[in-house]
$ cat my_file-v6.txt   # compact mmCIF, C-alpha atoms
# COMPACT_ATOMS: atom_id res chain seq x y z
CA MET A 1 0.00 0.00 0.00
CA THR A 2 1.41 3.38 -0.88
CA GLY A 3 1.01 6.26 1.50
CA PRO A 4 2.15 9.79 1.98
CA ASP A 5 5.53 10.44 3.52
CA SER A 6 3.97 13.02 5.78
CA THR A 7 2.18 10.15 7.56
CA THR A 8 5.35 9.06 9.25
CA ALA A 9 6.54 12.55 9.99
CA SER A 10 3.22 13.72 11.39
CA GLY A 11 3.12 11.22 14.28
CA ILE A 12 6.53 12.12 15.67
CA GLY A 13 6.20 14.10 18.87
CA PHE A 14 2.49 13.43 19.16
CA VAL A 15 1.17 12.24 22.54
CA VAL A 16 -2.41 11.58 23.66
CA THR A 17 -3.12 11.69 27.37
CA ALA A 18 -6.31 10.61 29.11
CA SER A 19 -6.55 11.62 32.73
CA GLY A 20 -9.36 10.34 34.94
CA VAL A 21 -11.89 10.31 32.11
CA SER A 22 -15.44 9.47 33.19
CA LYS A 23 -18.70 9.65 31.29
CA ALA A 24 -22.28 8.70 32.06
CA PHE A 25 -25.60 9.11 30.28
CA GLY A 26 -28.06 9.63 33.09
CA ARG A 27 -27.62 6.67 35.43
CA ARG A 28 -25.82 4.57 32.83
CA ARG A 29 -22.09 4.75 33.42
CA ILE A 30 -19.99 4.53 30.25
CA CYS A 31 -16.49 4.77 31.67
CA THR A 32 -14.94 5.61 35.00
CA ASP A 33 -11.58 7.13 35.76
CA ILE A 34 -9.72 6.01 32.64
CA SER A 35 -6.13 7.20 32.36
CA PHE A 36 -3.35 6.47 29.90
CA VAL A 37 -0.57 8.03 27.86
CA LEU A 38 -0.13 6.97 24.22
CA ARG A 39 2.79 7.74 21.95
CA ARG A 40 3.75 6.94 18.38
CA GLY A 41 3.68 3.21 17.75
CA ASP A 42 1.25 2.47 20.59
CA ARG A 43 -1.87 0.41 19.97
CA LEU A 44 -4.75 0.36 22.39
CA ALA A 45 -7.79 -1.92 22.17
CA VAL A 46 -11.07 -0.84 23.74
CA VAL A 47 -13.06 -4.01 24.30
CA GLY A 48 -16.41 -4.85 25.82
CA PRO A 49 -19.84 -6.16 24.95
CA ASN A 50 -22.36 -4.33 22.75
CA GLY A 51 -23.66 -1.19 24.42
CA SER A 52 -20.77 -0.98 26.84
CA GLY A 53 -19.73 2.46 25.56
CA LYS A 54 -16.79 1.75 23.26
CA THR A 55 -18.07 4.08 20.53
CA THR A 56 -18.85 6.80 23.06
CA PHE A 57 -15.33 6.55 24.42
CA LEU A 58 -13.87 6.92 20.92
CA LYS A 59 -16.05 9.99 20.38
CA ILE A 60 -14.64 11.47 23.59
CA LEU A 61 -11.12 10.71 22.38
CA CYS A 62 -11.61 12.53 19.10
CA GLY A 63 -13.37 15.53 20.64
CA LEU A 64 -16.91 14.87 19.43
CA LEU A 65 -18.11 14.46 23.03
CA ARG A 66 -16.86 15.94 26.28
CA PRO A 67 -16.19 13.74 29.31
CA ASP A 68 -18.15 14.47 32.49
CA ARG A 69 -14.93 14.35 34.49
CA GLY A 70 -11.27 14.16 33.56
CA THR A 71 -9.48 15.38 30.47
CA ILE A 72 -8.19 14.23 27.11
CA THR A 73 -5.15 16.15 25.94
CA TYR A 74 -3.27 16.14 22.66
CA HIS A 75 0.36 17.24 22.84
CA PHE A 76 2.45 17.96 19.81
CA HIS A 77 6.15 18.43 20.49
CA GLY A 78 5.31 19.40 24.05
CA THR A 79 2.65 21.92 23.11
CA THR A 80 -0.97 21.32 24.07
CA VAL A 81 -3.19 21.30 20.99
CA PRO A 82 -6.42 23.34 21.35
CA ARG A 83 -9.55 21.21 21.03
CA ASN A 84 -10.74 23.09 17.96
CA HIS A 85 -7.61 21.89 16.11
CA TRP A 86 -7.98 18.20 17.00
CA HIS A 87 -9.81 17.47 13.76
CA ALA A 88 -6.52 17.85 11.87
CA LEU A 89 -4.84 15.15 13.97
CA VAL A 90 -7.45 12.44 14.30
CA GLY A 91 -9.04 10.04 11.83
CA LEU A 92 -12.05 7.87 12.59
CA VAL A 93 -13.47 4.85 10.81
CA ALA A 94 -16.78 3.89 12.40
CA PRO A 95 -20.24 2.56 11.60
CA ASP A 96 -21.65 5.86 12.94
CA LEU A 97 -19.75 7.83 10.32
CA ALA A 98 -20.88 7.98 6.70
CA LEU A 99 -19.62 9.45 3.46
CA TYR A 100 -21.75 11.17 0.82
CA ASP A 101 -24.01 8.81 -1.14
CA GLU A 102 -24.68 11.41 -3.82
CA LEU A 103 -20.97 11.79 -4.66
CA THR A 104 -18.69 9.33 -6.40
CA ALA A 105 -15.88 7.58 -4.54
CA LEU A 106 -13.29 9.95 -6.00
CA GLU A 107 -15.44 13.02 -5.37
CA ASN A 108 -15.83 11.97 -1.74
CA ILE A 109 -12.13 11.73 -1.00
CA ARG A 110 -11.33 14.76 -3.18
CA PHE A 111 -13.81 16.76 -1.11
CA LEU A 112 -12.22 15.58 2.16
CA ASN A 113 -8.79 16.41 0.74
CA ASP A 114 -9.86 19.90 -0.35
CA VAL A 115 -11.93 20.84 2.70
CA GLY A 116 -9.12 19.72 5.00
CA GLY A 117 -6.49 21.33 2.78
CA TRP A 118 -4.33 18.19 2.58
CA GLY A 119 -2.94 18.99 -0.84
CA LYS A 120 -3.07 15.51 -2.40
CA THR A 121 -3.04 15.38 -6.18
CA GLY A 122 -5.64 13.58 -8.26
CA GLY A 123 -3.12 10.80 -8.91
CA GLN A 124 -2.46 10.33 -5.19
CA LEU A 125 -6.19 10.16 -4.46
CA ARG A 126 -6.71 7.54 -7.20
CA SER A 127 -3.80 5.61 -5.78
CA LEU A 128 -5.45 5.64 -2.33
CA LEU A 129 -8.61 4.22 -3.87
CA GLY A 130 -6.53 1.52 -5.53
CA ASP A 131 -4.92 0.72 -2.18
CA VAL A 132 -8.30 -0.11 -0.66
CA GLY A 133 -9.41 -2.18 -3.64
CA LEU A 134 -11.64 0.41 -5.30
CA ALA A 135 -9.66 0.85 -8.53
CA GLY A 136 -12.07 1.07 -11.44
CA ARG A 137 -14.92 2.25 -9.21
CA GLU A 138 -13.65 5.82 -8.74
CA HIS A 139 -16.49 7.37 -10.73
CA ASP A 140 -19.34 5.30 -9.30
CA LEU A 141 -21.77 6.98 -6.95
CA LEU A 142 -21.45 5.83 -3.37
CA SER A 143 -25.15 5.00 -3.35
CA THR A 144 -24.34 2.08 -5.67
CA PHE A 145 -21.68 0.67 -3.31
CA SER A 146 -22.15 -2.36 -1.06
CA SER A 147 -21.60 -1.91 2.68
CA GLY A 148 -18.17 -3.54 2.38
CA MET A 149 -17.13 -1.16 -0.39
CA LYS A 150 -18.34 1.79 1.67
CA GLN A 151 -16.20 0.53 4.54
CA ARG A 152 -13.20 0.40 2.19
CA LEU A 153 -13.86 3.99 1.14
CA LYS A 154 -13.89 5.04 4.79
CA TYR A 155 -10.35 3.72 5.07
CA ALA A 156 -9.33 5.65 1.94
CA ALA A 157 -10.97 8.76 3.39
CA VAL A 158 -9.03 8.51 6.62
CA LEU A 159 -5.77 7.86 4.73
CA VAL A 160 -6.21 11.16 2.88
CA LYS A 161 -5.47 12.90 6.16
CA ALA A 162 -2.83 10.37 7.32
CA PRO A 163 -3.65 11.20 10.95
CA PRO A 164 -1.23 10.67 13.83
CA LEU A 165 -4.19 9.34 15.85
CA LEU A 166 -6.26 6.67 14.10
CA LEU A 167 -9.47 5.46 15.75
CA LEU A 168 -11.09 2.33 14.35
CA ASP A 169 -14.54 1.35 15.64
CA GLU A 170 -15.54 -2.20 14.64
CA PRO A 171 -12.72 -2.02 12.07
CA THR A 172 -13.58 -5.08 10.00
CA ALA A 173 -17.38 -4.69 10.02
CA ASN A 174 -18.77 -5.59 6.56
CA PHE A 175 -15.32 -6.67 5.31
CA ASP A 176 -14.55 -9.81 3.34
CA ASP A 177 -11.10 -11.43 3.55
CA SER A 178 -9.42 -8.92 1.24
CA GLY A 179 -11.04 -6.08 3.16
CA ALA A 180 -9.67 -7.51 6.40
CA ALA A 181 -6.23 -7.53 4.78
CA ILE A 182 -6.59 -3.78 4.16
CA PHE A 183 -7.33 -3.29 7.84
CA HIS A 184 -4.20 -5.25 8.84
CA GLU A 185 -2.06 -3.24 6.44
CA VAL A 186 -3.43 0.07 7.70
CA ILE A 187 -2.76 -0.65 11.35
CA GLN A 188 0.67 -2.02 10.48
CA ARG A 189 1.50 1.28 8.78
CA GLN A 190 0.00 3.25 11.64
CA ARG A 191 2.56 1.78 14.05
CA ALA A 192 5.19 3.85 12.22
CA ALA A 193 2.88 6.79 11.62
CA GLY A 194 1.33 7.34 15.02
CA ILE A 195 -1.16 5.92 17.48
CA CYS A 196 -3.95 3.42 16.76
CA ILE A 197 -6.95 2.76 18.98
CA LEU A 198 -9.34 -0.09 18.14
CA ALA A 199 -12.82 -0.57 19.55
CA THR A 200 -13.84 -4.14 18.94
CA ASN A 201 -15.58 -7.27 20.17
CA ASN A 202 -13.31 -9.45 18.08
CA LYS A 203 -10.62 -11.21 20.14
CA GLN A 204 -8.18 -11.54 17.25
CA GLU A 205 -8.42 -7.83 16.48
CA ALA A 206 -7.99 -6.94 20.14
CA GLU A 207 -4.85 -9.06 20.33
CA LEU A 208 -3.21 -6.79 17.76
CA ALA A 209 -2.94 -4.18 20.51
CA GLU A 210 -0.49 -4.28 23.37
CA ARG A 211 -2.75 -2.41 25.77
CA HIS A 212 -6.42 -2.93 26.55
CA ILE A 213 -9.28 -1.11 28.20
CA VAL A 214 -12.28 -3.20 29.12
CA MET A 215 -15.57 -1.31 29.05
CA GLY A 216 -18.75 -2.28 30.86
CA GLU A 217 -17.06 -3.82 33.87
CA MET B 1 1.56 20.26 13.97
CA PRO B 2 0.29 18.69 10.77
CA SER B 3 -2.50 20.62 9.17
CA GLY B 4 -3.96 21.47 5.82
CA THR B 5 -1.98 23.75 3.58
CA SER B 6 -4.78 25.26 1.47
CA SER B 7 -6.17 28.66 2.20
CA TRP B 8 -9.24 29.13 4.35
CA ALA B 9 -11.19 30.42 1.34
CA SER B 10 -10.40 27.36 -0.78
CA LYS B 11 -11.67 25.08 2.02
CA VAL B 12 -14.90 27.08 2.21
CA LEU B 13 -15.24 26.87 -1.56
CA ALA B 14 -14.65 23.09 -1.43
CA LEU B 15 -17.58 22.69 0.99
CA LEU B 16 -19.73 25.03 -1.07
CA ALA B 17 -18.93 23.10 -4.26
CA LYS B 18 -19.71 19.79 -2.54
CA ASP B 19 -23.07 21.06 -1.32
CA LEU B 20 -23.95 22.45 -4.76
CA ARG B 21 -22.97 19.22 -6.52
CA ALA B 22 -24.94 17.11 -4.04
CA GLU B 23 -27.92 19.45 -4.26
CA PHE B 24 -28.10 19.38 -8.06
CA ARG B 25 -28.02 15.59 -7.93
CA THR B 26 -30.65 15.08 -5.25
CA ARG B 27 -32.76 18.30 -5.46
CA TYR B 28 -33.16 17.89 -1.69
CA ALA B 29 -33.62 21.59 -0.86
CA LEU B 30 -34.19 22.91 -4.38
CA SER B 31 -37.44 21.06 -4.93
CA ALA B 32 -38.81 22.11 -1.53
CA VAL B 33 -37.97 25.78 -2.00
CA PHE B 34 -38.96 26.19 -5.65
CA LEU B 35 -42.18 24.18 -5.50
CA PHE B 36 -43.32 26.06 -2.40
CA ALA B 37 -42.60 29.40 -4.07
CA LEU B 38 -44.27 28.45 -7.35
CA THR B 39 -47.35 26.99 -5.69
CA THR B 40 -47.84 29.95 -3.37
CA LEU B 41 -47.28 32.49 -6.10
CA ALA B 42 -49.70 30.71 -8.44
CA ALA B 43 -52.36 30.55 -5.72
CA VAL B 44 -51.96 34.25 -4.92
CA SER B 45 -51.99 35.21 -8.58
CA VAL B 46 -55.12 33.20 -9.40
CA SER B 47 -56.96 34.36 -6.29
CA LEU B 48 -56.15 38.06 -6.48
CA GLY B 49 -55.78 38.53 -10.21
CA ALA B 50 -53.25 40.75 -11.93
CA GLY B 51 -53.05 44.40 -10.93
CA GLY B 52 -54.92 46.67 -8.61
CA LEU B 53 -53.24 45.72 -5.35
CA PRO B 54 -51.72 48.54 -3.25
CA ALA B 55 -47.94 48.61 -2.95
CA ALA B 56 -48.09 47.79 0.77
CA TYR B 57 -49.98 44.54 0.07
CA LEU B 58 -47.64 43.61 -2.75
CA ALA B 59 -44.59 44.16 -0.54
CA VAL B 60 -46.05 41.98 2.20
CA LEU B 61 -47.02 39.26 -0.27
CA PHE B 62 -43.56 39.29 -1.85
CA TRP B 63 -41.72 38.80 1.44
CA VAL B 64 -44.22 36.31 2.85
CA ILE B 65 -43.79 34.10 -0.20
CA LEU B 66 -40.01 34.47 -0.16
CA PHE B 67 -39.76 34.05 3.60
CA PHE B 68 -41.75 30.82 3.85
CA SER B 69 -40.22 29.39 0.68
CA ALA B 70 -36.79 29.98 2.17
CA LEU B 71 -37.77 28.44 5.51
CA SER B 72 -38.80 25.26 3.72
CA GLY B 73 -35.31 24.76 2.31
CA LEU B 74 -32.63 26.67 4.17
CA ALA B 75 -32.37 24.17 7.02
CA GLN B 76 -31.95 21.20 4.70
CA SER B 77 -28.19 21.30 4.17
CA PHE B 78 -27.49 20.92 7.89
CA ILE B 79 -30.36 18.53 8.64
CA LYS B 80 -29.31 16.27 5.79
CA GLU B 81 -25.77 16.06 7.18
CA ALA B 82 -27.20 14.94 10.51
CA GLU B 83 -29.72 12.49 9.06
CA THR B 84 -27.22 10.79 6.75
CA LYS B 85 -24.51 10.60 9.45
CA THR B 86 -22.12 12.71 7.39
CA ALA B 87 -22.07 15.41 10.08
CA VAL B 88 -19.44 13.41 12.00
CA THR B 89 -17.36 13.15 8.83
CA LEU B 90 -17.56 16.91 8.40
CA GLN B 91 -16.79 17.58 12.07
CA LEU B 92 -13.55 15.64 11.74
CA ALA B 93 -12.70 16.96 8.27
CA THR B 94 -12.34 20.68 8.84
CA SER B 95 -12.73 23.59 11.23
CA GLU B 96 -16.00 25.07 12.47
CA ASP B 97 -15.62 28.36 10.64
CA VAL B 98 -15.11 26.60 7.31
CA VAL B 99 -18.33 24.65 7.89
CA TYR B 100 -20.25 27.75 8.97
CA PHE B 101 -19.23 29.93 6.05
CA GLY B 102 -19.53 27.07 3.55
CA LYS B 103 -23.11 26.41 4.63
CA TRP B 104 -23.83 30.15 4.76
CA GLY B 105 -22.58 30.54 1.19
CA PHE B 106 -24.64 27.59 0.00
CA ASN B 107 -27.80 28.94 1.62
CA LEU B 108 -27.17 32.41 0.18
CA LEU B 109 -26.75 30.99 -3.33
CA LEU B 110 -29.89 28.90 -2.88
CA LEU B 111 -31.89 31.95 -1.82
CA LEU B 112 -30.48 34.19 -4.55
CA GLY B 113 -31.29 31.46 -7.08
CA LEU B 114 -34.84 31.36 -5.76
CA GLU B 115 -35.10 35.13 -6.14
CA VAL B 116 -33.85 35.06 -9.72
CA PHE B 117 -36.70 32.66 -10.40
CA LEU B 118 -39.34 34.23 -8.17
CA VAL B 119 -38.94 37.98 -8.76
CA PRO B 120 -39.69 38.01 -12.52
CA LEU B 121 -42.65 35.68 -12.00
CA PHE B 122 -43.96 37.85 -9.17
CA LEU B 123 -43.65 41.01 -11.27
CA VAL B 124 -45.32 39.43 -14.29
CA LEU B 125 -48.11 37.42 -12.65
CA LEU B 126 -49.20 40.21 -10.30
CA ASN B 127 -48.50 42.96 -12.85
CA VAL B 128 -46.17 44.79 -10.50
CA GLU B 129 -44.11 47.79 -11.54
CA VAL B 130 -40.85 48.64 -9.78
CA TYR B 131 -40.10 52.38 -9.58
CA GLN B 132 -36.70 52.25 -7.86
CA TRP B 133 -34.80 49.30 -9.25
CA TRP B 134 -31.47 49.92 -7.53
CA LEU B 135 -33.20 50.13 -4.16
CA PHE B 136 -35.30 47.05 -4.90
CA VAL B 137 -32.21 44.98 -5.79
CA THR B 138 -30.27 46.27 -2.78
CA VAL B 139 -33.13 45.44 -0.43
CA ILE B 140 -33.44 41.95 -1.82
CA PHE B 141 -29.71 41.33 -1.42
CA LEU B 142 -29.51 42.72 2.13
CA GLY B 143 -32.70 40.92 3.10
CA SER B 144 -31.31 37.66 1.74
CA ALA B 145 -28.03 38.13 3.60
CA GLY B 146 -29.90 38.77 6.86
CA LEU B 147 -32.28 35.88 6.33
CA VAL B 148 -29.48 33.44 5.54
CA SER B 149 -27.22 34.63 8.35
CA SER B 150 -29.92 34.02 10.95
CA THR B 151 -31.24 30.78 9.57
CA THR B 152 -27.84 29.13 9.05
CA LEU B 153 -27.13 29.13 12.78
CA ILE B 154 -30.70 28.12 13.63
CA ALA B 155 -30.49 25.26 11.11
CA SER B 156 -27.35 23.97 12.80
CA VAL B 157 -29.14 24.02 16.18
CA VAL B 158 -32.09 22.16 14.69
CA ALA B 159 -29.81 19.60 13.03
CA VAL B 160 -28.16 18.59 16.30
CA ALA B 161 -31.47 18.60 18.21
CA GLY B 162 -33.01 15.20 18.72
CA VAL B 163 -36.54 16.43 18.08
CA ARG B 164 -36.77 18.55 14.93
CA GLY B 165 -40.38 18.86 13.78
CA ALA B 166 -41.35 22.50 13.48
CA LEU B 167 -38.40 23.63 15.57
CA PHE B 168 -36.77 25.53 12.69
CA SER B 169 -39.83 27.67 12.02
CA VAL B 170 -40.52 28.21 15.72
CA LEU B 171 -36.96 29.43 16.34
CA SER B 172 -36.76 31.44 13.11
CA LEU B 173 -39.95 33.49 13.36
CA PRO B 174 -39.04 35.66 16.38
CA VAL B 175 -35.47 36.11 15.16
CA LEU B 176 -36.53 37.13 11.66
CA LEU B 177 -39.42 39.43 12.55
CA PRO B 178 -37.14 42.47 13.12
CA LEU B 179 -35.76 41.85 9.63
CA LEU B 180 -39.11 41.47 7.91
CA VAL B 181 -40.57 44.78 9.08
CA PRO B 182 -37.96 47.09 7.45
CA LEU B 183 -37.83 44.80 4.41
CA VAL B 184 -41.53 45.28 3.77
CA GLN B 185 -41.32 49.04 4.41
CA VAL B 186 -38.52 49.61 1.89
CA THR B 187 -40.02 47.27 -0.66
CA GLU B 188 -43.28 49.23 -0.47
CA LYS B 189 -41.33 52.41 -1.33
CA CYS B 190 -39.81 50.67 -4.36
CA LEU B 191 -43.27 49.74 -5.65
CA THR B 192 -44.98 53.09 -5.01
CA PRO B 193 -45.03 55.61 -7.90
CA GLY B 194 -43.66 59.06 -7.15
CA VAL B 195 -41.84 58.06 -3.96
CA MET B 196 -38.17 58.68 -4.73
CA THR B 197 -36.49 58.02 -1.42
CA PRO B 198 -33.04 56.62 -0.89
CA GLY B 199 -34.36 54.60 2.10
CA THR B 200 -30.98 55.09 3.78
CA ALA B 201 -32.18 54.48 7.34
CA GLU B 202 -33.88 51.21 6.48
CA LEU B 203 -30.90 50.04 4.42
CA ARG B 204 -28.63 50.72 7.38
CA ILE B 205 -30.89 48.66 9.60
CA LEU B 206 -30.89 45.81 7.09
CA ALA B 207 -27.10 45.93 6.67
CA ALA B 208 -26.59 46.04 10.44
CA TYR B 209 -28.95 43.11 10.96
CA ALA B 210 -27.10 41.02 8.36
CA GLY B 211 -23.71 41.93 9.82
CA ILE B 212 -24.72 41.21 13.41
CA ALA B 213 -26.45 37.94 12.49
CA LEU B 214 -23.45 36.76 10.45
CA THR B 215 -20.94 37.65 13.17
CA GLY B 216 -23.12 36.27 15.96
CA GLY B 217 -23.63 33.04 14.05
CA TRP B 218 -19.90 32.69 13.41
CA LEU B 219 -19.10 33.20 17.12
CA LEU B 220 -21.82 30.85 18.40
CA PHE B 221 -21.52 28.11 15.80
CA PRO B 222 -18.58 26.24 17.43
CA PHE B 223 -20.66 25.75 20.59
CA VAL B 224 -23.43 24.17 18.52
CA TRP B 225 -21.22 22.14 16.21
CA ARG B 226 -19.15 20.42 18.90
CA GLU B 227 -20.72 19.32 22.18
$ encode --input "my_file-v6.txt" --output "C-alpha cells"
Amino acid sequence: MTGPDSTTASGIGFVVTASGVSKAFGRRRICTDISFVLRRGDRLAVVGPNGSGKTTFLKILCGLLRPDRGTITYHFHGTTVPRNHWHALVGLVAPDLALYDELTALENIRFLNDVGGWGKTGGQLRSLLGDVGLAGREHDLLSTFSSGMKQRLKYAAVLVKAPPLLLLDEPTANFDDSGAAIFHEVIQRQRAAGICILATNNKQEAELAERHIVMGE
Amino acid sequence: MPSGTSSWASKVLALLAKDLRAEFRTRYALSAVFLFALTTLAAVSVSLGAGGLPAAYLAVLFWVILFFSALSGLAQSFIKEAETKTAVTLQLATSEDVVYFGKWGFNLLLLLGLEVFLVPLFLVLLNVEVYQWWLFVTVIFLGSAGLVSSTTLIASVVAVAGVRGALFSVLSLPVLLPLLVPLVQVTEKCLTPGVMTPGTAELRILAAYAGIALTGGWLLFPFVWRE
C-alpha cells in the first residue's frame, strides 16, 4: 500500500493523554476514571460487549463528546493542541460515520482532501482508492456501493489525512477477507505513523494491541 | 503540527462546491424551495388577479412568499448532514468556521437562485411595476443576507437537536421578525409611484442586521457544532 511520507513525519512528537476520564448518560455509566498516555507506535484496544460504551469513548477521544470528568489532551512536540484543532490530527473509521451517497468515490475523497487542505493530487487520491481495492470504481456513486465497499472507502478517506491518531470502531465490520487484509495493512502502517486505537468485540483484532481497556465492567 | 496547507477560502469553496454538486443531484432543498414558491405564487396570482393591489400589500405578499419558501429549504443542508450521518465526517474533516461559512454561502446561493426565479414571476403574474430598481435589488440582497445569516445558525441548532419537527420555524420566526418589518417598508417604497427616497435608514438597519447575524452566528456556531 502506498502512502504519503507526511504520515510518518506527522506522528513524531504526538502524545495523547487521558486523565481520569469518566462519562455517564443519566444513570448509565460509560467509563470511570480512565487514564493512559499513548505515543507513536502504541496500539490500544477498547473491548467490551455491545452497548458498553466503546463508541462513546472513541467519540470522547476525538473531541466529538466531552467527558463528564477528567481530560483528554493532545500534545504535539510538548505543546498542548487546542480542542478546535484536534480534527486535523485524528481520523475515525466507524459505523456511525458515513460518506456522501450522492458523490462518487473519488469526489468523496477529493472533497475531504480539499476541505481539510491536505494537498493531495488527483493521482495520489486515485492511488489511495486503488490501495483499498476500489480501482475502477472511482467514478461510481457511493449509493451504488455495497456496505463492504463503503467501509473500504472510509479507510481511503481517513488515509487522505494520514492522521497521527487513528481510531477504528468495529474495524472489520462488513469486510470480506481482502477487506480484512486492508485493515491489517493500515494498522501495520499506523505503528510507524502514530497511534492506533481499536474498539472491537473481536478477540483476534484486540490481540493486535499491546494495551487494553475493558468497558462495561 | 500537521495541518492542511490550502487557504481558508479554498476550504470554504470546497464545501460550497460539494453542497452544490450534491444538491443538483438530489434536489433535496431545491425542490422544496422552488415548489413552495411556485405553488404559493400561483395561488396568490389566481386568487387576487393581476393588478390593482396597493404597494403595501404587494410588498407583504412578496416577502411572505419568499420568507416561507426559504424556511422550507434553508435548514436542509445541515439537517441532511445529521440524518445521513455525514455530520461526523464533516466535524472531523475541517474547522468550524469553514463549515459555517460554507453552509452560509450555499444557503445564500440557494436563496439568490430562488429570487432570480421568483422575482420576474412575481412582477409578471401580479403585474407589479418597480419604480426604484437599484433600491429594490439592494433590499433583496440585504434581506437575503440577513435571512441566511440568521437561519444558518438556527439550522445547525435544529440539526443537532433530537426532536426537529417544526423547531426551525418556531426558532426562526421571532429572530426574523425584526428583519421582515424594514424589508416590507422599503419594498413598499420601491413599488410606489412618485416616492423617490433613498431609504438610507432602512438600508442601514438591514445591513446592520445582516452583519450582526453573520458575526453572531460565526461566534456561536462552534458551541453548537461540537458538544
$ interface_residues --input "my_file-v6.txt" --of "chain A" --to "chain B" --cutoff "9 Å" --atoms "all atoms listed in the file" --output "PyMOL selection string"
chain A and resi 6+9-11+14+62-66+76-77+81+84-92+96-103+107-108+111-119+161+163-164
$ write_last_selection --input "my_file-v6.txt" --atoms "C-alpha atoms" --output "short mmCIF file (atom, residue, chain, number, x, y, z; two decimals), in the coordinates of the input"
data_model
loop_
_atom_site.label_atom_id
_atom_site.label_comp_id
_atom_site.auth_asym_id
_atom_site.auth_seq_id
_atom_site.Cartn_x
_atom_site.Cartn_y
_atom_site.Cartn_z
CA SER A 6 3.97 13.02 5.78
CA ALA A 9 6.54 12.55 9.99
CA SER A 10 3.22 13.72 11.39
CA GLY A 11 3.12 11.22 14.28
CA PHE A 14 2.49 13.43 19.16
CA CYS A 62 -11.61 12.53 19.10
CA GLY A 63 -13.37 15.53 20.64
CA LEU A 64 -16.91 14.87 19.43
CA LEU A 65 -18.11 14.46 23.03
CA ARG A 66 -16.86 15.94 26.28
CA PHE A 76 2.45 17.96 19.81
CA HIS A 77 6.15 18.43 20.49
CA VAL A 81 -3.19 21.30 20.99
CA ASN A 84 -10.74 23.09 17.96
CA HIS A 85 -7.61 21.89 16.11
CA TRP A 86 -7.98 18.20 17.00
CA HIS A 87 -9.81 17.47 13.76
CA ALA A 88 -6.52 17.85 11.87
CA LEU A 89 -4.84 15.15 13.97
CA VAL A 90 -7.45 12.44 14.30
CA GLY A 91 -9.04 10.04 11.83
CA LEU A 92 -12.05 7.87 12.59
CA ASP A 96 -21.65 5.86 12.94
CA LEU A 97 -19.75 7.83 10.32
CA ALA A 98 -20.88 7.98 6.70
CA LEU A 99 -19.62 9.45 3.46
CA TYR A 100 -21.75 11.17 0.82
CA ASP A 101 -24.01 8.81 -1.14
CA GLU A 102 -24.68 11.41 -3.82
CA LEU A 103 -20.97 11.79 -4.66
CA GLU A 107 -15.44 13.02 -5.37
CA ASN A 108 -15.83 11.97 -1.74
CA PHE A 111 -13.81 16.76 -1.11
CA LEU A 112 -12.22 15.58 2.16
CA ASN A 113 -8.79 16.41 0.74
CA ASP A 114 -9.86 19.90 -0.35
CA VAL A 115 -11.93 20.84 2.70
CA GLY A 116 -9.12 19.72 5.00
CA GLY A 117 -6.49 21.33 2.78
CA TRP A 118 -4.33 18.19 2.58
CA GLY A 119 -2.94 18.99 -0.84
CA LYS A 161 -5.47 12.90 6.16
CA PRO A 163 -3.65 11.20 10.95
CA PRO A 164 -1.23 10.67 13.83
#
$ residues_around --input "my_file-v6.txt" --residues "segment 29-36 of chain A" --least-positions-apart "3" --cutoff "8 Å" --atoms "all atoms listed in the file" --output "NGL selection string"
:A and (17-26 or 52-53 or 56-57 or 70 or 215-216)
$ atom_distance --input "my_file-v6.txt" --atom1 "atom CA of Cys196 of chain A" --atom2 "atom CA of Arg43 of chain A"
4.9 Å
$ closest_residue --input "my_file-v6.txt" --among "A:Arg152, A:Glu185, A:Lys54, A:Gly48" --to "Lys203 of chain A" --atoms "all atoms listed in the file"
A:Gly48
$ atom_distance --input "my_file-v6.txt" --atom1 "atom CA of Ser149 of chain B" --atom2 "atom CA of Leu214 of chain B"
4.8 Å
$ closest_residue --input "my_file-v6.txt" --among "B:Ile79, B:Val160, B:Thr192, B:Val181" --to "Trp133 of chain B" --atoms "only C-alpha atoms"
B:Thr192
$ residues_near_point --input "my_file-v6.txt" --point "(-4.9, 7.1, 18.7)" --cutoff "8 Å" --atoms "all atoms listed in the file" --output "VMD selection string"
chain A and resid 16 38 42 to 44 90 164 to 167 194 to 197
$ residues_around --input "my_file-v6.txt" --residues "segment 36-39 of chain B" --least-positions-apart "6" --cutoff "10 Å" --atoms "only C-alpha atoms" --output "list in words"
Leu30, Ser45, Val64, Ile65, Leu66, Phe67, Phe68, Ser69, Ala70, Leu71, Ser72, Gly73, Leu114, Glu115, Phe117, Leu118, Leu121 and Phe122 of chain B
$ axis_aligned_box --input "my_file-v6.txt" --around "segment 177-185 of chain A" --padding-each-side "5 Å" --output "JSON"
{"center_x": -6.6, "center_y": -7.3, "center_z": 5.0, "size_x": 19.0, "size_y": 18.2, "size_z": 17.6}
